[in-house]
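Shown below: run14.csv, with CSV, C-alpha atoms and all ligand atoms.
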```csv
chain,number,residue,atom,x,y,z
A,13,MET,CA,123.7,124.9,106.7
A,14,LYS,CA,120.8,124.2,108.9
A,15,LEU,CA,117.5,124.5,107.0
A,16,LEU,CA,115.3,123.6,109.9
A,17,ASP,CA,116.4,124.0,113.5
A,18,VAL,CA,113.9,122.9,116.2
A,19,ARG,CA,115.0,124.0,119.7
A,20,HIS,CA,113.4,122.9,122.9
A,21,LEU,CA,110.0,122.7,121.4
A,22,SER,CA,107.0,121.8,123.6
A,23,MET,CA,103.5,121.9,122.3
A,24,TRP,CA,100.1,121.8,124.0
A,25,ILE,CA,96.8,121.3,122.2
A,26,HIS,CA,93.5,122.6,123.5
A,27,ASP,CA,90.7,120.3,122.6
A,28,GLY,CA,87.5,121.6,124.0
A,29,GLN,CA,87.9,121.9,127.8
A,30,GLU,CA,91.4,120.7,128.6
A,31,GLU,CA,94.9,121.4,127.4
A,32,LYS,CA,97.1,118.4,126.6
A,33,GLN,CA,100.8,118.3,126.2
A,34,ILE,CA,101.8,116.6,123.0
A,35,LEU,CA,105.5,117.4,122.5
A,36,ASN,CA,108.1,117.9,125.3
A,37,ASP,CA,111.4,119.6,124.8
A,38,VAL,CA,112.1,118.4,121.3
A,39,THR,CA,115.4,119.5,119.8
A,40,PHE,CA,116.7,118.4,116.4
A,41,SER,CA,117.8,119.9,113.1
A,42,VAL,CA,117.8,119.1,109.4
A,43,ASP,CA,120.7,120.3,107.1
A,44,GLU,CA,120.6,121.0,103.4
A,45,ASN,CA,120.6,117.8,101.4
A,46,GLU,CA,120.0,115.6,104.4
A,47,SER,CA,117.4,113.0,105.1
A,48,VAL,CA,116.1,112.4,108.6
A,49,ALA,CA,113.8,109.6,109.7
A,50,ILE,CA,111.3,110.0,112.6
A,51,VAL,CA,110.2,106.8,114.1
A,52,GLY,CA,108.3,105.8,117.2
A,53,GLU,CA,105.3,103.9,118.5
A,54,SER,CA,101.8,105.0,117.4
A,55,GLY,CA,100.8,108.1,119.3
A,56,SER,CA,104.4,109.2,120.1
A,57,GLY,CA,103.9,112.6,118.4
A,58,LYS,CA,105.4,112.1,115.0
A,59,SER,CA,102.5,113.6,113.0
A,60,GLN,CA,101.9,116.3,115.5
A,61,LEU,CA,105.6,117.3,115.2
A,62,MET,CA,105.1,117.7,111.5
A,63,ARG,CA,102.0,119.7,112.0
A,64,ALA,CA,103.8,122.0,114.4
A,65,ILE,CA,106.6,122.6,111.9
A,66,LEU,CA,104.0,123.7,109.3
A,67,GLN,CA,101.9,125.5,112.0
A,68,LEU,CA,98.8,123.7,110.7
A,69,GLN,CA,96.7,124.1,113.9
A,70,ARG,CA,98.0,127.2,115.5
A,71,ASN,CA,94.6,128.4,116.6
A,72,LYS,CA,94.3,125.5,119.1
A,73,SER,CA,98.0,125.0,120.0
A,74,ARG,CA,100.4,126.7,122.4
A,75,PHE,CA,104.2,126.4,121.9
A,76,SER,CA,107.3,127.0,123.8
A,77,GLY,CA,110.8,126.9,122.3
A,78,GLU,CA,111.6,127.7,118.7
A,79,ILE,CA,111.1,126.2,115.2
A,80,LEU,CA,113.6,128.1,113.0
A,81,TRP,CA,113.2,127.9,109.3
A,82,LYS,CA,116.4,129.4,107.8
A,83,GLY,CA,116.8,131.3,111.1
A,84,ASN,CA,113.2,132.6,111.4
A,85,ASP,CA,110.8,131.3,114.0
A,86,VAL,CA,107.7,130.0,112.3
A,87,CYS,CA,105.8,130.1,115.6
A,88,LYS,CA,106.1,133.9,115.4
A,89,MET,CA,105.4,134.4,111.7
A,90,LYS,CA,102.3,136.1,110.3
A,91,GLU,CA,100.0,133.9,108.3
A,92,ASP,CA,101.1,135.3,104.9
A,93,ALA,CA,104.8,134.5,105.6
A,94,LEU,CA,103.8,131.0,106.6
A,95,CYS,CA,101.8,130.5,103.4
A,96,SER,CA,104.9,131.4,101.5
A,97,ILE,CA,106.9,128.8,103.4
A,98,ARG,CA,104.2,126.2,102.7
A,99,TYR,CA,104.3,126.9,99.0
A,100,HIS,CA,108.0,127.6,98.4
A,101,GLY,CA,109.9,126.2,101.4
A,102,ILE,CA,108.5,123.1,102.9
A,103,ALA,CA,106.3,120.6,101.0
A,104,MET,CA,104.5,117.7,102.6
A,105,MET,CA,103.4,114.3,101.2
A,106,MET,CA,100.4,113.0,103.0
A,107,GLN,CA,99.5,109.6,104.5
A,108,GLU,CA,96.5,109.7,102.2
A,109,PRO,CA,97.8,110.9,98.8
A,110,LYS,CA,94.4,111.7,97.3
A,111,MET,CA,94.1,114.3,100.1
A,112,SER,CA,97.1,116.1,98.7
A,113,LEU,CA,95.5,116.7,95.3
A,114,ASP,CA,92.4,118.7,94.7
A,115,PRO,CA,89.5,116.5,93.3
A,116,LEU,CA,88.0,119.4,91.4
A,117,PHE,CA,90.9,120.1,89.0
A,118,THR,CA,92.8,118.0,86.5
A,119,VAL,CA,96.4,116.9,87.3
A,120,GLY,CA,97.6,119.3,84.6
A,121,TYR,CA,95.8,122.3,86.0
A,122,GLN,CA,97.3,121.6,89.5
A,123,MET,CA,100.8,121.1,88.1
A,124,LYS,CA,100.7,124.3,86.1
A,125,GLU,CA,99.8,126.2,89.3
A,126,CYS,CA,103.3,125.2,90.5
A,127,LEU,CA,104.9,126.5,87.2
A,128,MET,CA,103.6,130.0,87.1
A,129,LYS,CA,107.1,131.4,86.8
A,130,LEU,CA,107.4,129.8,83.4
A,131,PRO,CA,105.9,131.4,80.2
A,132,LYS,CA,102.5,130.0,79.6
A,133,GLN,CA,103.3,128.1,76.4
A,134,MET,CA,106.1,126.2,78.1
A,135,ARG,CA,104.1,124.9,81.1
A,136,GLU,CA,102.5,121.9,79.3
A,137,GLN,CA,105.8,120.7,78.0
A,138,GLN,CA,107.4,121.0,81.5
A,139,CYS,CA,104.4,119.1,83.1
A,140,LEU,CA,105.0,116.3,80.6
A,141,SER,CA,108.7,116.3,81.3
A,142,LEU,CA,108.1,116.2,85.1
A,143,LEU,CA,105.6,113.3,84.8
A,144,LYS,CA,108.3,111.4,82.8
A,145,GLN,CA,110.8,112.0,85.6
A,146,VAL,CA,108.5,110.3,88.0
A,147,LYS,CA,108.3,107.4,85.5
A,148,ILE,CA,104.8,107.8,84.3
A,149,SER,CA,104.7,106.1,80.9
A,150,ASP,CA,101.6,107.9,79.5
A,151,PRO,CA,102.0,111.4,80.8
A,152,LYS,CA,99.5,113.0,78.4
A,153,ARG,CA,96.6,110.9,79.6
A,154,ILE,CA,97.5,111.5,83.3
A,155,LEU,CA,97.8,115.3,82.7
A,156,HIS,CA,94.2,115.4,81.5
A,157,SER,CA,92.9,113.2,84.3
A,158,TYR,CA,91.1,114.0,87.5
A,159,PRO,CA,92.7,112.6,90.7
A,160,HIS,CA,89.8,110.3,91.5
A,161,VAL,CA,90.4,108.1,88.4
A,162,LEU,CA,94.0,107.5,89.4
A,163,SER,CA,95.4,104.7,91.6
A,164,ILE,CA,97.0,105.7,94.9
A,165,GLY,CA,100.4,104.9,93.6
A,166,MET,CA,99.8,107.1,90.6
A,167,CYS,CA,98.6,110.0,92.8
A,168,GLN,CA,101.9,109.6,94.8
A,169,ARG,CA,103.9,109.9,91.5
A,170,VAL,CA,101.9,113.0,90.5
A,171,TRP,CA,102.5,114.5,93.9
A,172,MET,CA,106.3,113.8,93.5
A,173,ALA,CA,106.2,115.6,90.2
A,174,MET,CA,104.6,118.5,91.9
A,175,LEU,CA,107.3,118.4,94.6
A,176,LEU,CA,109.9,118.6,91.9
A,177,ALA,CA,108.1,121.5,90.2
A,178,SER,CA,107.9,123.4,93.5
A,179,GLU,CA,110.9,125.2,94.9
A,180,ALA,CA,110.5,123.5,98.3
A,181,GLN,CA,113.9,122.6,99.8
A,182,LEU,CA,112.5,120.4,102.5
A,183,TRP,CA,110.1,117.5,101.8
A,184,ILE,CA,108.2,116.0,104.7
A,185,THR,CA,106.5,112.7,104.2
A,186,ASP,CA,104.2,111.2,106.8
A,187,GLU,CA,103.8,107.4,106.3
A,188,PRO,CA,103.6,108.1,102.6
A,189,THR,CA,103.2,104.6,101.4
A,190,SER,CA,101.3,102.9,104.3
A,191,SER,CA,98.2,102.5,102.1
A,192,LEU,CA,100.1,100.9,99.2
A,193,ASP,CA,100.9,97.2,98.6
A,194,VAL,CA,104.4,96.2,99.2
A,195,CYS,CA,105.6,96.2,95.5
A,196,VAL,CA,104.2,99.6,94.7
A,197,GLN,CA,105.5,100.9,98.0
A,198,ALA,CA,109.1,99.8,97.2
A,199,GLU,CA,108.8,101.5,93.7
A,200,ILE,CA,107.6,104.8,95.2
A,201,LEU,CA,110.2,104.9,97.9
A,202,GLU,CA,113.0,104.1,95.5
A,203,LEU,CA,111.8,106.9,93.3
A,204,LEU,CA,111.5,109.3,96.2
A,205,ASN,CA,115.0,108.5,97.3
A,206,GLU,CA,116.4,108.9,93.8
A,207,LEU,CA,114.7,112.2,93.1
A,208,ARG,CA,115.6,113.7,96.5
A,209,THR,CA,119.3,112.7,96.1
A,210,LYS,CA,119.4,114.0,92.5
A,211,THR,CA,117.9,117.3,93.3
A,212,LYS,CA,119.7,117.7,96.7
A,213,ARG,CA,116.5,118.3,98.6
A,214,SER,CA,116.2,117.6,102.3
A,215,LEU,CA,113.7,115.1,103.7
A,216,ILE,CA,111.9,114.3,107.0
A,217,PHE,CA,110.7,110.8,106.6
A,218,ILE,CA,108.1,109.8,109.2
A,219,THR,CA,107.5,106.1,109.3
A,220,HIS,CA,106.6,103.3,111.6
A,221,ASP,CA,108.5,100.8,109.4
A,222,LEU,CA,112.0,100.8,110.7
A,223,ARG,CA,113.3,98.6,107.9
A,224,LEU,CA,113.1,101.6,105.5
A,225,VAL,CA,115.3,103.8,107.7
A,226,PRO,CA,118.8,102.8,106.6
A,227,THR,CA,118.2,103.0,102.9
A,228,MET,CA,116.1,106.2,103.0
A,229,CYS,CA,117.9,108.3,105.6
A,230,ASP,CA,121.1,109.6,107.0
A,231,ARG,CA,120.0,110.1,110.5
A,232,VAL,CA,117.1,108.8,112.7
A,233,ILE,CA,115.2,110.2,115.6
A,234,VAL,CA,113.3,107.8,117.8
A,235,MET,CA,110.2,109.4,119.5
A,236,LYS,CA,108.5,108.2,122.6
A,237,LYS,CA,105.5,109.9,124.3
A,238,GLY,CA,106.2,113.3,122.8
A,239,ASN,CA,109.9,113.3,123.6
A,240,ILE,CA,113.0,112.5,121.6
A,241,HIS,CA,114.1,109.2,123.0
A,242,LEU,CA,117.3,109.0,121.0
A,243,GLU,CA,119.0,110.2,117.8
A,244,CYS,CA,121.6,108.3,115.9
A,245,ASP,CA,123.1,107.6,112.5
A,246,ALA,CA,120.5,105.7,110.4
A,247,LYS,CA,122.9,102.8,109.9
A,248,MET,CA,123.3,102.4,113.7
A,249,LEU,CA,119.6,102.0,114.4
A,250,TYR,CA,119.7,98.2,114.4
A,251,GLN,CA,122.7,98.3,116.9
A,252,GLN,CA,120.7,100.3,119.6
A,253,SER,CA,120.4,98.2,122.8
A,254,ASP,CA,117.8,100.2,124.8
A,255,SER,CA,114.6,98.4,125.5
A,256,TYR,CA,112.3,100.8,123.7
A,257,THR,CA,114.1,100.8,120.4
A,258,LYS,CA,114.6,97.1,120.7
A,259,SER,CA,110.8,96.6,121.2
A,260,LEU,CA,110.2,98.7,118.0
A,261,LEU,CA,112.7,96.5,116.1
A,262,GLU,CA,111.1,93.4,117.5
A,263,LEU,CA,107.7,94.5,116.2
A,264,GLU,CA,109.2,94.6,112.7
A,265,LYS,CA,110.3,91.0,112.9
A,266,ASP,CA,106.7,89.8,113.4
A,267,LYS,CA,105.5,91.5,110.2
B,301,LIG,N1,93.7,117.1,117.5
B,301,LIG,C1,94.2,116.6,118.6
B,301,LIG,N2,93.8,117.0,119.8
B,301,LIG,C2,94.3,116.5,120.9
B,301,LIG,N3,95.3,115.5,120.9
B,301,LIG,C3,95.6,115.0,119.7
B,301,LIG,C4,95.2,115.5,118.5
B,301,LIG,N4,95.7,114.8,117.5
B,301,LIG,C5,96.6,113.9,118.1
B,301,LIG,N5,96.5,114.0,119.4
B,301,LIG,C6,97.3,113.3,120.4
B,301,LIG,O1,98.7,113.6,120.2
B,301,LIG,C7,99.5,112.5,120.5
B,301,LIG,C8,100.4,112.3,119.3
B,301,LIG,O2,99.7,111.9,118.1
B,301,LIG,P1,100.3,111.7,116.7
B,301,LIG,O3,101.3,112.8,116.5
B,301,LIG,O4,99.2,111.6,115.7
B,301,LIG,O5,101.1,110.3,116.9
B,301,LIG,P2,101.9,109.5,115.8
B,301,LIG,O6,101.8,110.2,114.5
B,301,LIG,O7,103.2,109.3,116.3
B,301,LIG,O8,101.1,108.1,115.7
B,301,LIG,C9,98.6,111.3,120.7
B,301,LIG,O9,98.5,111.1,122.1
B,301,LIG,C10,97.3,111.8,120.2
B,301,LIG,O10,96.2,111.2,120.9
B,302,MG,MG,101.0,109.7,112.6
```
Full structure transcribed into structure tokens:
Amino acid sequence: MKLLDVRHLSMWIHDGQEEKQILNDVTFSVDENESVAIVGESGSGKSQLMRAILQLQRNKSRFSGEILWKGNDVCKMKEDALCSIRYHGIAMMMQEPKMSLDPLFTVGYQMKECLMKLPKQMREQQCLSLLKQVKISDPKRILHSYPHVLSIGMCQRVWMAMLLASEAQLWITDEPTSSLDVCVQAEILELLNELRTKTKRSLIFITHDLRLVPTMCDRVIVMKKGNIHLECDAKMLYQQSDSYTKSLLELEKDK
């Protein structure tokens, strides 16, 4: 079943005086238990597409086309219905992980917010179990810590524990590991992949690192200047022969 179905989406942003077109006739979908990569040069509209899906800046955006979440168009939803989707349907992992966590509250407090359906006395135990699932070796200490004392990698793990605690069926990650060193990055991505597969969630994986695509994803969408340039099986990305995709792949070689 299609969880997310984006049809002929165009988006314009109003910044001060003028309106600028950011997305042009974007069509793609994400099925249950499917992982889709979005790649493309910087400024091609990857992050803006994600913001459109979550309707994060509707007051200064104009849309045409549809963004259907389980058949309902998010562009037409009232704010409270959207809030419910952001809490229970689609969860996002930020480029800057500390931004995802609230600096004013301990990890435990924030995790328990996701576990309100459980009886109060069971929440602490469930938090510890979730932190163990994201391979945190001293979950008690982390539970009582504030986000600012944690490393970026640890914040990512905590955030993944919160993704697991939430009912969200679609996870969206926007360059989730670009601020991490290579070893930690590999660990976090392996964990993300493992947890997603195990729990049958869907993923939109936004990245500029094409090397990650075949291991992380089933399909890939290549964006260029707000358009979908091509879409293919993730394993076929390296076989594409058009000049734009080839230039993105060439950039990888220089790293
Ligand atoms: N708040 C904004 N107002 C106007 N234009 C913006 C805004 N944010 C991003 N853009 C423009 O939207 C385009 C796509 O940006 P973005 O989605 O951030 O690219 P990517 O994530 O692929 O690097 C760029 O041309 C960028 O300059
Ligand atoms: Mg971006």
Check which residues fall inside 12 Å of ligand LIG 301 (chain B) when counting only C-alpha atoms and all ligand atoms, and print them as JSON, numbers by chain. {"A": [23, 24, 25, 26, 27, 28, 29, 30, 31, 32, 33, 34, 35, 36, 50, 51, 52, 53, 54, 55, 56, 57, 58, 59, 60, 61, 62, 63, 64, 68, 69, 70, 71, 72, 73, 74, 106, 107, 185, 186, 187, 217, 218, 219, 220, 234, 235, 236, 237, 238, 239, 240]}
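Distance annotation: of A:Ser76, A:Thr211, A:Thr257, A:Ser163, the residue with the minimal separation from Ile233 of chain A is A:Thr257; atom set is only C-alpha atoms.
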Using only C-alpha atoms, which protein or nucleic acid residues come within 9 Å of segment 94-97 of chain A? Drop anything in the same chain fewer than 3 positions from it, and give the result as a ChimeraX atom specification. /A:66-67,81,86,89-91,100-103,180
Selected residue of minimal separation from ligand MG 302 (chain B) among A:Gln251, A:Thr39, A:Thr227, A:Ser190, counting all atoms listed in the file: A:Ser190
Pick from A:Lys124, A:Leu222, A:Lys88, A:Pro188 nearest to ligand MG 302 (chain B), counting all atoms listed in the file: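 Looking only at the distances to ligand MG 302 (chain B), the closest residue turns out to be A:Pro188.
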Selection: 7 Å around Gly77 of chain A, only C-alpha atoms, excl. self and same-chain fewer than 5 positions, as a VMD selection string: chain A and resid 19 to 22
Which residues are near segment 118-121 of chain A? Cut-off 7 Å, all atoms listed in the file, ignore same chain within fewer than 3 positions. Put them as a list in words.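 Using all atoms listed in the file, the neighbours found are Lys124, Glu125, Cys139, Ile154, Leu155, His156, Ser157, Tyr158 and Pro159 of chain A.
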Near Asp230 of chain A, counting all atoms listed in the file, which residues have an atom at most 8 Å away, once you skip same-chain residues fewer than 4 positions from it, shown as a PyMOL selection string? chain A and resi 46-49+226+245-247
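Put simply, atom CA of Glu44 of chain A is 10.4 Å away from atom CA of Lys82 of chain A.
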Correct to one decimal, the distance atom CA of Gln137 of chain A-atom CA of Pro151 of chain A is 10.4 Å
Which of A:Glu108, A:Leu261, A:Lys144, A:Tyr250 sits closest to ligand MG 302 (chain B) [using only C-alpha atoms and all ligand atoms]: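 The closest residue to ligand MG 302 (chain B) is A:Glu108.
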Between atom CA of Val18 of chain A and atom CA of Leu204 of chain A, measure the distance and give it in Å to one decimal. 24.3 Å
